[in-house]
Every structure is written in structure tokens, then in C-alpha cells.
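A.B. asks: This is the structure I have questions about; it appears just below.
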Amino acid sequence: MARRWHLLIPLLIISLLLGACSRVGLAYRNLDVIIPWNLNDYLDMNSEQKSWFNQRLQQHLSWHCTTQLPGYLDWLDRLQLMVQNNQVSDQGLQERTREAKQAIAETAQQITPSAVELLQGLNDQQVKEMNSAFAKDLQEHQEQYLKPPLAQQIEQRGQRMSKRLNAWLGPLSPSQQQRVEQWSSSLGEQNQQWIANRAHWQAQFSAAVEQRQNSDFPQRIEQLLVHRESLWTPDYRQAYAHTEQAARSLLVDLMAQSTPAQRQRLLKKIDGVRKDFAELKCLQNARQG
């Protein structure tokens, strides 16, 4: 249910770490990518629910575009300045990441009442289908990320990261590629903690929805969507902290090794993301109004 969560944020850091679309403005035009509950992947909504969902989604999009996007443009300016001045530091990346998490939380908070209303209207068959979709999702992730031997998991993780980096920086040098391989190896069995935590969250979500008519249901959904970290497993909490630190270290080292051509390509990519946002009709209309 949180599969497209990070498409919300126009952040290079998150894009590199999680494989988000590099042309965020285009991704933003898909109605279901700005919210952390991509229900269409898990629910078979009837026509009345779909009509309500699309109408409410348009309202959230309008709010998001007019109140959140201007801050994204400012964020991209700060990122661009870091690259231009060749000052991509651990401290700077921590600050940009903190801002990213705040952006996620604000949007999650805004859409939670709609999520609650929709989930409370589900019938038992729809809940059963949602749980089946969760099980299928988990099985697919286990097949893709856990079934291969650990050495293969590490190799594939490095390949995914190299592909993302190539899109932003262009071809990596041998030393940069070696650094990516070191990063992937340092994460070890991170896939195990990640997917175990995914199963843990899905189980708690399903349990909450089973009791969707209870008076505490809105609070439970708010915790699941807005305060997700409070429900992480201890193993994943530790793994996530290590993953964040390792990713920042990787980016700092890669930028320190970067060529002028790579930095120029990166600046051009960031500028392209900024242009995508700035040209969105909803943002232009808000500024004119």
C-alpha cells in the first residue's frame, strides 16, 4: 500500500535510493502517486466508490499543488546550490532528507481523513480481496528480493543503484562503480529486514481494517499512515538508520569523485525536475490567482 509513497517527493536523494521517476512532474500527473495509500493496487472499488475516490483525489491534488509545490521548488534550489558549489556533505543531505520527511508527513496528514472514510465504507468481500492482494504483494517481493542467494541480492542491489545513478550522473567511473559495490555489500541482509517490516505493517493495517467500525479506527489509520516509523520492527529500525547513513556516505563520496561533466548533467537533471513542476497548470493558476 505504500509502494509509490516516495514518488511524492521531488527529491534526488529519494530518487536515487528508491528508484523514483526522474521526471517527477510527469509522475505527478498520475492521480495516484501523490498519496501514500495507492488503494487502486489493493482494492476492487465499485463505481460509487471510484467516483468518490476520484473526486476526493482531485481535491487533494489541488491542495498539494497550491500549498506544497512552491516549497518543492525552493527545495530544488537548495539542492542545486549544493551541487553548484560542490558542497554535497553529510550534514547537507541530512537536512534535505529531514525536509523530505516533513513533506511526506504533511501530505499523509492531509489525506488520512479521506483514507479513513473510504476504508470504513468497505464491505467484507473487499476487505478479503485487499488481504489477498497484500499476500500476493508480499509473495512477489519475497520471490524477487529474498529468494536469490545473498551474494546475488547484493549484486542486484548494486546494479539497481548504478542504473539510477547513470540516469542522473551519466556513466560511472571505475572507482565510482567500485564505491557502489561497496555500498551494496555493506547493506548485507537489508532485504530481509525490509520485507519483514513490510509484512508487519500490512498485518497491522489488515487488523485495523477488520475493526473499521470501532471508535479508535481513525487514530489507528493515522498511526499507520502518518506515524509509520512508530510501528517499525526493532530490526528494521536499526537497518533503516544504517541504510540512510550508508546512502548519504555513498552520495558524498560519489560527488567528491565526480567530474565536471557529471555535475553538469546532474544540474541539468535537477533543472528539468524543477521545470516540470513550475509548468504544472495548477501551480501556474494558483500564482495567477
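Labels for the C-alpha cells follow display order: chains A, B, ..., residues from 1 in each chain, ligands from 1.
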Using only C-alpha atoms, which residues sit within 12 Å of A:Leu231 once same-chain residues fewer than 3 positions away are excluded, as a list of chain:residue names?
C.D. replies: A:Asn197, A:Arg198, A:Ala199, A:His200, A:Trp201, A:Gln202, A:Ala203, A:Gln204, A:Phe205, A:Arg220, A:Ile221, A:Glu222, A:Gln223, A:Leu224, A:Leu225, A:Val226, A:His227, A:Arg228, A:Pro234, A:Asp235, A:Tyr236, A:Arg237
A.B. asks: Would you mind listing, for every residue of stretch 94-200 of chain A within 12 Å of stretch 255-259 of chain A, the two atoms forming the shortest contact and the distance between them in Å to one decimal, using only C-alpha atoms, sorted by chain and ascending residue number, as CSV?
C.D. replies:
residue,atom,partner,partner_atom,distance
A:Leu165,CA,A:Met255,CA,11.0
A:Trp168,CA,A:Met255,CA,11.6
A:Leu169,CA,A:Ser258,CA,8.4
A:Gly170,CA,A:Thr259,CA,10.2
A:Pro171,CA,A:Ser258,CA,10.5
A:Leu172,CA,A:Ser258,CA,8.6
A:Ser173,CA,A:Ser258,CA,8.5
A:Pro174,CA,A:Gln257,CA,10.6
A:Ser175,CA,A:Gln257,CA,8.1
A:Gln176,CA,A:Gln257,CA,7.0
A:Gln177,CA,A:Gln257,CA,10.8
A:Gln178,CA,A:Gln257,CA,11.7
A:Arg179,CA,A:Gln257,CA,10.1
A.B. asks: So the first atom is atom CA of A:Glu117 and the second is atom CA of A:Ser132; what is the distance between them in Å, to one decimal place?
C.D. replies: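 Atom CA of A:Ser132 lies at a distance of 21.4 Å from atom CA of A:Glu117.
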A.B. asks: Quick one: pick out all alpha helix (DSSP H) residues within stretch 65-279 of chain A from a backbone DSSP run and write them as a PyMOL selection string.
C.D. replies: chain A and resi 65-67+69-84+90-120+124-145+150-169+174-187+190-210+217-225+234-256+260-278
A.B. asks: Between A:Gln102, A:Ser186, A:Gln110, A:Arg160, which one has atoms that come closest to A:Gln245, using only C-alpha atoms?
C.D. replies: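 Closest to A:Gln245 of all the choices is A:Ser186.
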A.B. asks: Compile the contact shell of A:Met130 as a PyMOL selection string: residues with an atom at most 6 Å away, counting only C-alpha atoms, same-chain residues fewer than 3 positions apart removed.
C.D. replies: chain A and resi 42-43+127+133
A.B. asks: Quick one: write out the picked residues with C-alpha atoms as an mmCIF file, in the first residue's frame?
C.D. replies:
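Writing the result to selection-v9.cif gives the following:
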data_model
loop_
_atom_site.group_PDB
_atom_site.id
_atom_site.type_symbol
_atom_site.label_atom_id
_atom_site.label_comp_id
_atom_site.auth_asym_id
_atom_site.auth_seq_id
_atom_site.Cartn_x
_atom_site.Cartn_y
_atom_site.Cartn_z
ATOM 1 C CA TYR A 42 -5.231 -3.393 -3.497
ATOM 2 C CA LEU A 43 -8.951 -2.724 -3.750
ATOM 3 C CA VAL A 127 -11.510 -6.408 2.781
ATOM 4 C CA ALA A 133 -3.671 -8.536 -2.616
#
A.B. asks: Extract, using only C-alpha atoms, all DNA, RNA and protein residues at most 9 Å from A:Glu155, discarding same-chain residues fewer than 5 positions from it, and format them as a list in words.
C.D. replies: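 So, after excluding close chain neighbours, the residues are Leu150, Arg160, Glu181, Ser184 and Ser185 of chain A.
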A.B. asks: Hey, what's within 8 Å of A:Arg248 if we count only C-alpha atoms and toss same-chain stuff fewer than 4 positions away? As an NGL selection string, please?
C.D. replies: :A and (90 or 93-94 or 244 or 252)
A.B. asks: Please provide as a list in words all residues within 9 Å of A:Cys65, with the sequence filter that same-chain residues fewer than 3 positions apart are discarded (counting only C-alpha atoms).
C.D. replies: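 Near neighbours after the sequence-gap exclusion: His60, Leu61, Ser62, Gln68, Leu69, Pro70, Leu280, Cys282, Leu283 and Ala286 of chain A.
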A.B. asks: Residues as selected, C-alpha atoms, written as an mmCIF file, in the first residue's frame, can you do that?
C.D. replies:
data_model
loop_
_atom_site.group_PDB
_atom_site.id
_atom_site.type_symbol
_atom_site.label_atom_id
_atom_site.label_comp_id
_atom_site.auth_asym_id
_atom_site.auth_seq_id
_atom_site.Cartn_x
_atom_site.Cartn_y
_atom_site.Cartn_z
ATOM 1 C CA HIS A 60 -6.083 16.553 -2.591
ATOM 2 C CA LEU A 61 -4.173 17.221 -5.800
ATOM 3 C CA SER A 62 -5.376 20.810 -5.839
ATOM 4 C CA GLN A 68 3.201 22.055 -1.276
ATOM 5 C CA LEU A 69 4.785 22.507 -4.691
ATOM 6 C CA PRO A 70 6.169 26.003 -4.038
ATOM 7 C CA LEU A 280 2.176 22.415 -13.953
ATOM 8 C CA CYS A 282 -2.401 24.010 -11.270
ATOM 9 C CA LEU A 283 0.634 25.836 -9.899
ATOM 10 C CA ALA A 286 -2.556 29.403 -8.230
#
A.B. asks: Name the closest residue to A:Ala208 among the candidates A:Ala105, A:Met45, A:Val116, A:Leu81; distances are taken between atoms, counting only C-alpha atoms.
C.D. replies: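 Checking each candidate against A:Ala208, we get A:Val116 as the closest.
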A.B. asks: Using only C-alpha atoms, pick whichever of A:Asp137, A:Asp77, A:Val180, A:Gln211 has the shortest atom-to-atom distance to A:Gln156.
C.D. replies: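 Smallest distance to A:Gln156 is found for A:Val180.
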A.B. asks: So that I can check the surroundings of A:Phe53, please list as a PDB file with C-alpha atoms, in the first residue's frame every protein, DNA and RNA residue that reaches within 10 Å of it, counting only C-alpha atoms and ignoring chain neighbours fewer than 3 positions away.
C.D. replies:
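File produced: selection03.pdb:
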ATOM      1  CA  LEU A  39      -5.596   1.835  -2.994  1.00  0.00           C
ATOM      2  CA  ASN A  40      -6.145   1.003  -6.646  1.00  0.00           C
ATOM      3  CA  MET A  45     -13.777  -0.449  -5.748  1.00  0.00           C
ATOM      4  CA  SER A  47     -18.435   2.555  -9.341  1.00  0.00           C
ATOM      5  CA  GLU A  48     -19.728   4.699  -6.492  1.00  0.00           C
ATOM      6  CA  GLN A  49     -16.502   4.312  -4.536  1.00  0.00           C
ATOM      7  CA  LYS A  50     -14.411   5.083  -7.618  1.00  0.00           C
ATOM      8  CA  ARG A  56     -11.598  13.424  -3.363  1.00  0.00           C
ATOM      9  CA  LEU A  57      -8.279  12.757  -5.053  1.00  0.00           C
ATOM     10  CA  GLN A  58      -8.709  15.805  -7.262  1.00  0.00           C
ATOM     11  CA  GLN A  59      -9.266  17.891  -4.140  1.00  0.00           C
ATOM     12  CA  SER A 114     -10.210  10.529   3.262  1.00  0.00           C
ATOM     13  CA  ALA A 115      -8.450   7.203   3.708  1.00  0.00           C
ATOM     14  CA  LEU A 118     -13.048   5.131   2.231  1.00  0.00           C
TER      15      LEU A 118
END
A.B. asks: Of the candidates A:Val273, A:Leu267, A:Leu73, A:Leu187, which shows the shortest atom-to-atom distance to A:Gly158, using only C-alpha atoms?
C.D. replies: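 Of A:Val273, A:Leu267, A:Leu73, A:Leu187, the one nearest A:Gly158 is A:Leu187, counting only C-alpha atoms.
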A.B. asks: Would you compute the distance between atom CA of A:Leu266 and atom CA of A:Gln159? Give it in Å to one decimal.
C.D. replies: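 Separation of atom CA of A:Leu266 and atom CA of A:Gln159: 19.5 Å.
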